[in-house]
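Q: Just one file: query.txt, with compact mmCIF, C-alpha atoms and all ligand atoms.
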# COMPACT_ATOMS: atom_id res chain seq x y z
CA MET A 26 -9.93 -7.43 -17.37
CA ARG A 27 -9.19 -8.34 -13.78
CA ILE A 28 -10.04 -6.51 -10.58
CA GLY A 29 -8.36 -6.85 -7.21
CA ILE A 30 -9.02 -5.63 -3.69
CA GLY A 31 -6.54 -5.14 -0.87
CA TYR A 32 -6.77 -4.12 2.77
CA ASP A 33 -4.16 -3.70 5.46
CA SER A 34 -3.71 -2.14 8.87
CA HIS A 35 -0.77 -1.59 11.18
CA ARG A 36 -0.44 -0.45 14.76
CA LEU A 37 1.03 3.02 15.44
CA ILE A 38 3.83 2.96 18.02
CA GLU A 39 6.44 5.36 19.33
CA GLY A 40 10.03 4.97 18.19
CA ARG A 41 9.28 4.13 14.54
CA GLN A 42 9.32 6.37 11.48
CA LEU A 43 5.96 6.74 9.77
CA ILE A 44 6.34 5.29 6.30
CA LEU A 45 3.23 5.37 4.16
CA GLY A 46 2.92 5.09 0.41
CA GLY A 47 6.69 4.74 0.16
CA ILE A 48 7.55 8.06 1.79
CA THR A 49 8.55 9.11 5.29
CA ILE A 50 5.96 11.41 6.86
CA PRO A 51 6.84 13.56 9.88
CA PHE A 52 4.82 12.27 12.87
CA GLU A 53 5.46 11.30 16.47
CA LYS A 54 4.68 7.62 15.84
CA GLY A 55 5.28 5.05 13.13
CA LEU A 56 3.71 1.83 11.91
CA LEU A 57 4.79 -1.40 13.55
CA GLY A 58 5.50 -4.24 11.15
CA HIS A 59 7.97 -6.93 10.19
CA SER A 60 8.78 -4.79 7.14
CA ASP A 61 8.48 -0.99 7.26
CA GLY A 62 4.76 -1.37 8.10
CA ASP A 63 3.62 0.59 5.05
CA ALA A 64 -0.08 -0.29 5.10
CA LEU A 65 -0.84 1.62 1.88
CA CYS A 66 1.83 -0.19 -0.14
CA HIS A 67 0.68 -3.49 1.38
CA ALA A 68 -2.95 -2.85 0.40
CA ILE A 69 -1.94 -1.99 -3.19
CA THR A 70 0.33 -5.05 -3.34
CA ASP A 71 -2.49 -7.30 -2.13
CA ALA A 72 -4.93 -5.80 -4.65
CA LEU A 73 -2.52 -6.61 -7.49
CA ILE A 74 -1.85 -10.12 -6.14
CA GLY A 75 -5.60 -10.65 -5.95
CA ALA A 76 -6.12 -9.51 -9.53
CA LEU A 77 -3.41 -11.93 -10.64
CA GLY A 78 -5.11 -14.76 -8.72
CA LYS A 79 -1.92 -15.45 -6.80
CA GLY A 80 -3.12 -15.63 -3.23
CA ASP A 81 -2.07 -12.94 -0.79
CA ILE A 82 0.86 -10.85 0.36
CA GLY A 83 1.71 -13.24 3.21
CA ARG A 84 2.30 -16.05 0.73
CA HIS A 85 4.72 -13.97 -1.34
CA PHE A 86 6.47 -12.13 1.51
CA PRO A 87 6.22 -14.21 4.70
CA ASP A 88 6.84 -12.30 7.93
CA THR A 89 8.95 -15.24 9.08
CA ASP A 90 11.47 -14.42 6.33
CA ALA A 91 14.40 -12.35 7.63
CA LYS A 92 14.78 -10.97 4.09
CA TRP A 93 11.73 -8.75 4.63
CA LYS A 94 12.66 -7.53 8.13
CA ASP A 95 12.45 -3.70 8.02
CA ALA A 96 12.41 -3.95 4.21
CA SER A 97 10.99 -1.15 2.08
CA SER A 98 7.51 -2.18 1.01
CA LEU A 99 8.17 -0.48 -2.32
CA ILE A 100 10.51 -3.41 -3.10
CA MET A 101 7.70 -5.90 -2.47
CA LEU A 102 5.29 -3.80 -4.52
CA LYS A 103 7.77 -3.57 -7.40
CA GLN A 104 8.15 -7.36 -7.41
CA ILE A 105 4.39 -7.78 -7.86
CA VAL A 106 4.22 -4.96 -10.44
CA ASP A 107 6.89 -6.86 -12.39
CA ASP A 108 4.73 -10.01 -12.08
CA THR A 109 1.72 -8.23 -13.59
CA ALA A 110 3.81 -7.37 -16.66
CA LYS A 111 5.19 -10.93 -16.88
CA GLU A 112 1.62 -12.27 -16.76
CA GLY A 113 0.70 -10.02 -19.69
CA PHE A 114 -1.31 -7.38 -17.87
CA GLU A 115 -1.05 -3.64 -17.66
CA ILE A 116 -2.27 -1.72 -14.64
CA ALA A 117 -5.19 0.38 -15.83
CA TRP A 118 -6.20 1.92 -12.50
CA ILE A 119 -5.50 1.88 -8.79
CA ASP A 120 -7.74 3.65 -6.29
CA THR A 121 -6.97 3.77 -2.59
CA VAL A 122 -8.30 5.04 0.73
CA VAL A 123 -6.10 5.57 3.78
CA ILE A 124 -7.88 5.87 7.13
CA ALA A 125 -5.86 7.84 9.65
CA GLU A 126 -7.08 10.23 12.33
CA ARG A 127 -3.65 11.87 12.27
CA PRO A 128 -1.48 12.99 10.62
CA ARG A 129 -3.29 14.81 7.83
CA LEU A 130 -2.10 13.20 4.60
CA ALA A 131 -3.51 15.33 1.79
CA GLY A 132 -0.34 17.40 1.50
CA HIS A 133 1.65 14.22 0.84
CA PHE A 134 -0.39 12.69 -1.99
CA GLU A 135 1.87 13.93 -4.79
CA ALA A 136 5.02 12.62 -3.12
CA ILE A 137 3.28 9.28 -2.46
CA LYS A 138 2.20 8.98 -6.10
CA LEU A 139 5.74 9.75 -7.27
CA ALA A 140 7.20 7.14 -4.88
CA ILE A 141 4.70 4.50 -5.99
CA ALA A 142 5.40 5.34 -9.63
CA GLU A 143 9.02 4.29 -9.03
CA THR A 144 7.76 0.69 -8.86
CA GLY A 145 6.64 0.90 -12.48
CA ILE A 146 2.97 1.73 -11.85
CA PRO A 147 2.20 4.69 -14.14
CA TYR A 148 1.83 7.91 -12.12
CA ASP A 149 -1.39 8.83 -13.88
CA VAL A 150 -3.27 5.64 -12.91
CA ILE A 151 -2.83 6.06 -9.14
CA ASN A 152 -5.40 7.82 -6.97
CA ILE A 153 -4.88 8.37 -3.24
CA LYS A 154 -7.58 9.41 -0.81
CA ALA A 155 -7.44 9.86 2.94
CA LYS A 156 -10.10 10.03 5.60
CA THR A 157 -10.28 10.29 9.32
CA ASN A 158 -12.59 7.81 10.99
CA GLU A 159 -14.50 10.52 12.89
CA LYS A 160 -12.70 9.42 16.08
CA MET A 161 -14.33 5.96 15.89
CA GLY A 162 -12.55 2.61 16.02
CA PHE A 163 -8.80 1.94 16.18
CA GLU A 164 -8.00 4.46 13.47
CA GLY A 165 -10.12 7.10 15.16
CA ARG A 166 -8.39 6.52 18.49
CA GLY A 167 -5.01 6.85 16.79
CA GLU A 168 -4.02 3.26 17.58
CA GLY A 169 -3.34 2.40 13.97
CA ILE A 170 -3.72 3.27 10.31
CA SER A 171 -5.56 1.21 7.71
CA ALA A 172 -5.64 1.30 3.93
CA HIS A 173 -7.89 -0.07 1.21
CA ALA A 174 -6.96 -0.43 -2.46
CA VAL A 175 -8.66 -1.63 -5.61
CA CYS A 176 -7.00 -2.17 -8.97
CA LEU A 177 -8.02 -2.87 -12.53
CA LEU A 178 -5.71 -4.85 -14.80
CA MET A 179 -6.17 -5.09 -18.56
CA ARG A 180 -4.66 -7.86 -20.63
CA ARG A 181 -2.15 -6.45 -23.06
CA ASN A 182 -2.87 -6.82 -26.76
CA SER A 183 -0.17 -9.12 -28.10
MG MG B 1 0.96 -5.11 6.25
So that I can check it, write out the structure of this file as structure tokens.
A:
Amino acid sequence: MRIGIGYDSHRLIEGRQLILGGITIPFEKGLLGHSDGDALCHAITDALIGALGKGDIGRHFPDTDAKWKDASSLIMLKQIVDDTAKEGFEIAWIDTVVIAERPRLAGHFEAIKLAIAETGIPYDVINIKAKTNEKMGFEGRGEGISAHAVCLLMRRNS
């Protein structure tokens, strides 16, 4: 068994679409990033990379690489999901927490799970949670959104 932990945060700015967990969510601001700024996908990706013992997301997808400019973070996540299979692991569980004062995300969890499942992570091993930060800190002031993820990988019987 292997466990992994991932964390990410991005700044909310005007003039960007809000993309979180691989879906576009109606909101007046979006997450700033070299890619699409999808903090939830980045946290999950980093958790998987950690469980594989392969460093961090910046090593695999450098923000100096034009290839990842405005790229869908689902593509990055899929690449790491493929790596877990190549390394002989199956993804047994992923749990996540998104911290966002606004917008309310609970109504989007099913769509997020379906989008993430397109990367090859089984739909029924993904759990999404969302919290406000009780108006404290950068999330609470609406300056940004953060996400935490943990994963459990099991070595496949071969
Ligand atoms: Mg990020």
Q: May I ask you to write as a VMD selection string all residues lying at most 7 Å from ligand MG 1 (chain B), with only C-alpha atoms and all ligand atoms counted?
A: chain A and resid 33 to 35 58 62 to 64 67
Q: From the set A:Gly31, A:Pro87, A:Gly40, A:Gly113, which residue has the shortest atom-to-atom contact distance to Arg181 of chain A, counting only C-alpha atoms?
A: A:Gly113
Q: Taking only C-alpha atoms into account, which of A:Lys154, A:Arg27, A:His59, A:Arg36 comes nearest Ile137 of chain A?
A: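 Residue with the minimum atom-to-atom distance to Ile137 of chain A: A:Lys154.
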Q: Please determine, counting only C-alpha atoms, which residue among A:Asn158, A:Thr121, A:Thr109, A:Ser97 has the shortest atom-to-atom distance to Gly145 of chain A.
A: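 Answer, going by the shortest atom-to-atom distance: A:Thr109.
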Q: Pick from A:Gly29, A:Gly80, A:Pro51, A:Gly46: nearest to Glu143 of chain A, with only C-alpha atoms counted?
A: A:Gly46
Q: Excluding Ile44 of chain A and any residue of its chain fewer than 3 positions from it, enumerate the residues within 7 Å of it, using all atoms listed in the file, and give them as a PyMOL selection string.
A: chain A and resi 47-50+55+61+63
Q: Neighbours of Asp81 of chain A within 12 Å (all atoms listed in the file; same-chain residues fewer than 3 positions away dropped), as a PyMOL selection string?
A: chain A and resi 29-33+67-78+84-87+105
Q: With only C-alpha atoms as the atoms that count, which of A:Asp108, A:Glu168, A:Asp120, A:Glu115 lies nearest to Ile38 of chain A?
A: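 Smallest separation from Ile38 of chain A among the options: A:Glu168.
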Q: How far is it from atom CA of Ile100 of chain A to atom CA of Ser60 of chain A, in Å with one decimal?
A: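 If I compute the distance from atom CA of Ile100 of chain A to atom CA of Ser60 of chain A, I get 10.5 Å.
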Q: For segment 33-70 of chain A, write N, CA and C atoms out as an mmCIF file, in the first residue's frame.
A:
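Output file selection13.cif follows:
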data_model
loop_
_atom_site.group_PDB
_atom_site.id
_atom_site.type_symbol
_atom_site.label_atom_id
_atom_site.label_comp_id
_atom_site.auth_asym_id
_atom_site.auth_seq_id
_atom_site.Cartn_x
_atom_site.Cartn_y
_atom_site.Cartn_z
ATOM 1 N N ASP A 33 -2.966 22.298 -2.954
ATOM 2 C CA ASP A 33 -2.730 23.347 -3.939
ATOM 3 C C ASP A 33 -3.654 24.526 -3.652
ATOM 4 N N SER A 34 -3.242 25.684 -4.127
ATOM 5 C CA SER A 34 -4.099 26.866 -4.029
ATOM 6 C C SER A 34 -3.846 27.741 -5.239
ATOM 7 N N HIS A 35 -4.872 28.445 -5.656
ATOM 8 C CA HIS A 35 -4.739 29.411 -6.753
ATOM 9 C C HIS A 35 -5.543 30.653 -6.412
ATOM 10 N N ARG A 36 -5.061 31.764 -6.972
ATOM 11 C CA ARG A 36 -5.677 33.059 -6.753
ATOM 12 C C ARG A 36 -6.927 33.199 -7.630
ATOM 13 N N LEU A 37 -7.990 33.761 -7.084
ATOM 14 C CA LEU A 37 -9.207 34.048 -7.865
ATOM 15 C C LEU A 37 -9.075 35.435 -8.493
ATOM 16 N N ILE A 38 -9.271 35.511 -9.799
ATOM 17 C CA ILE A 38 -9.211 36.808 -10.485
ATOM 18 C C ILE A 38 -10.399 36.940 -11.446
ATOM 19 N N GLU A 39 -10.681 38.185 -11.793
ATOM 20 C CA GLU A 39 -11.729 38.432 -12.792
ATOM 21 C C GLU A 39 -11.189 38.115 -14.177
ATOM 22 N N GLY A 40 -12.111 37.758 -15.084
ATOM 23 C CA GLY A 40 -11.710 37.529 -16.468
ATOM 24 C C GLY A 40 -11.214 36.126 -16.754
ATOM 25 N N ARG A 41 -11.387 35.193 -15.787
ATOM 26 C CA ARG A 41 -11.044 33.791 -16.029
ATOM 27 C C ARG A 41 -12.271 32.954 -15.699
ATOM 28 N N GLN A 42 -12.438 31.847 -16.435
ATOM 29 C CA GLN A 42 -13.469 30.877 -16.075
ATOM 30 C C GLN A 42 -13.039 30.126 -14.831
ATOM 31 N N LEU A 43 -13.996 29.787 -13.985
ATOM 32 C CA LEU A 43 -13.674 28.957 -12.819
ATOM 33 C C LEU A 43 -13.730 27.490 -13.222
ATOM 34 N N ILE A 44 -12.559 26.866 -13.236
ATOM 35 C CA ILE A 44 -12.483 25.440 -13.548
ATOM 36 C C ILE A 44 -11.970 24.724 -12.314
ATOM 37 N N LEU A 45 -12.781 23.791 -11.825
ATOM 38 C CA LEU A 45 -12.444 23.102 -10.579
ATOM 39 C C LEU A 45 -12.918 21.659 -10.692
ATOM 40 N N GLY A 46 -12.021 20.739 -10.421
ATOM 41 C CA GLY A 46 -12.372 19.325 -10.546
ATOM 42 C C GLY A 46 -12.741 18.952 -11.976
ATOM 43 N N GLY A 47 -12.172 19.677 -12.933
ATOM 44 C CA GLY A 47 -12.354 19.319 -14.338
ATOM 45 C C GLY A 47 -13.621 19.854 -14.975
ATOM 46 N N ILE A 48 -14.409 20.630 -14.216
ATOM 47 C CA ILE A 48 -15.624 21.201 -14.796
ATOM 48 C C ILE A 48 -15.594 22.728 -14.691
ATOM 49 N N THR A 49 -16.392 23.367 -15.531
ATOM 50 C CA THR A 49 -16.523 24.819 -15.478
ATOM 51 C C THR A 49 -17.713 25.156 -14.590
ATOM 52 N N ILE A 50 -17.462 25.990 -13.590
ATOM 53 C CA ILE A 50 -18.504 26.330 -12.601
ATOM 54 C C ILE A 50 -18.856 27.805 -12.766
ATOM 55 N N PRO A 51 -20.136 28.127 -12.916
ATOM 56 C CA PRO A 51 -20.517 29.526 -13.088
ATOM 57 C C PRO A 51 -20.130 30.356 -11.864
ATOM 58 N N PHE A 52 -19.323 31.404 -12.095
ATOM 59 C CA PHE A 52 -18.880 32.281 -11.006
ATOM 60 C C PHE A 52 -18.288 33.526 -11.643
ATOM 61 N N GLU A 53 -18.212 34.608 -10.871
ATOM 62 C CA GLU A 53 -17.741 35.861 -11.485
ATOM 63 C C GLU A 53 -16.221 35.945 -11.589
ATOM 64 N N LYS A 54 -15.517 34.984 -11.001
ATOM 65 C CA LYS A 54 -14.056 34.966 -11.072
ATOM 66 C C LYS A 54 -13.570 33.565 -11.414
ATOM 67 N N GLY A 55 -12.306 33.469 -11.786
ATOM 68 C CA GLY A 55 -11.719 32.163 -12.071
ATOM 69 C C GLY A 55 -10.340 32.069 -11.452
ATOM 70 N N LEU A 56 -9.757 30.879 -11.510
ATOM 71 C CA LEU A 56 -8.469 30.643 -10.861
ATOM 72 C C LEU A 56 -7.327 30.944 -11.816
ATOM 73 N N LEU A 57 -6.409 31.784 -11.325
ATOM 74 C CA LEU A 57 -5.240 32.170 -12.107
ATOM 75 C C LEU A 57 -4.213 31.050 -12.048
ATOM 76 N N GLY A 58 -3.669 30.692 -13.199
ATOM 77 C CA GLY A 58 -2.625 29.664 -13.219
ATOM 78 C C GLY A 58 -2.021 29.578 -14.595
ATOM 79 N N HIS A 59 -0.848 28.935 -14.664
ATOM 80 C CA HIS A 59 -0.216 28.721 -15.971
ATOM 81 C C HIS A 59 -1.101 27.786 -16.808
ATOM 82 N N SER A 60 -1.633 26.758 -16.132
ATOM 83 C CA SER A 60 -2.601 25.871 -16.783
ATOM 84 C C SER A 60 -3.987 26.486 -16.569
ATOM 85 N N ASP A 61 -5.003 25.658 -16.409
ATOM 86 C CA ASP A 61 -6.348 26.190 -16.154
ATOM 87 C C ASP A 61 -6.557 26.567 -14.684
ATOM 88 N N GLY A 62 -5.541 26.327 -13.837
ATOM 89 C CA GLY A 62 -5.617 26.739 -12.429
ATOM 90 C C GLY A 62 -6.501 25.849 -11.564
ATOM 91 N N ASP A 63 -6.733 24.642 -12.011
ATOM 92 C CA ASP A 63 -7.661 23.732 -11.324
ATOM 93 C C ASP A 63 -6.998 23.151 -10.065
ATOM 94 N N ALA A 64 -7.181 23.848 -8.955
ATOM 95 C CA ALA A 64 -6.483 23.479 -7.717
ATOM 96 C C ALA A 64 -6.866 22.077 -7.235
ATOM 97 N N LEU A 65 -8.109 21.662 -7.465
ATOM 98 C CA LEU A 65 -8.521 20.331 -7.013
ATOM 99 C C LEU A 65 -7.808 19.245 -7.815
ATOM 100 N N CYS A 66 -7.801 19.385 -9.139
ATOM 101 C CA CYS A 66 -7.070 18.394 -9.951
ATOM 102 C C CYS A 66 -5.584 18.389 -9.607
ATOM 103 N N HIS A 67 -5.019 19.573 -9.330
ATOM 104 C CA HIS A 67 -3.593 19.635 -8.995
ATOM 105 C C HIS A 67 -3.315 18.937 -7.665
ATOM 106 N N ALA A 68 -4.194 19.107 -6.691
ATOM 107 C CA ALA A 68 -3.997 18.445 -5.396
ATOM 108 C C ALA A 68 -4.075 16.927 -5.549
ATOM 109 N N ILE A 69 -5.033 16.448 -6.340
ATOM 110 C CA ILE A 69 -5.159 14.995 -6.559
ATOM 111 C C ILE A 69 -3.928 14.477 -7.296
ATOM 112 N N THR A 70 -3.500 15.227 -8.316
ATOM 113 C CA THR A 70 -2.320 14.825 -9.092
ATOM 114 C C THR A 70 -1.103 14.723 -8.177
#
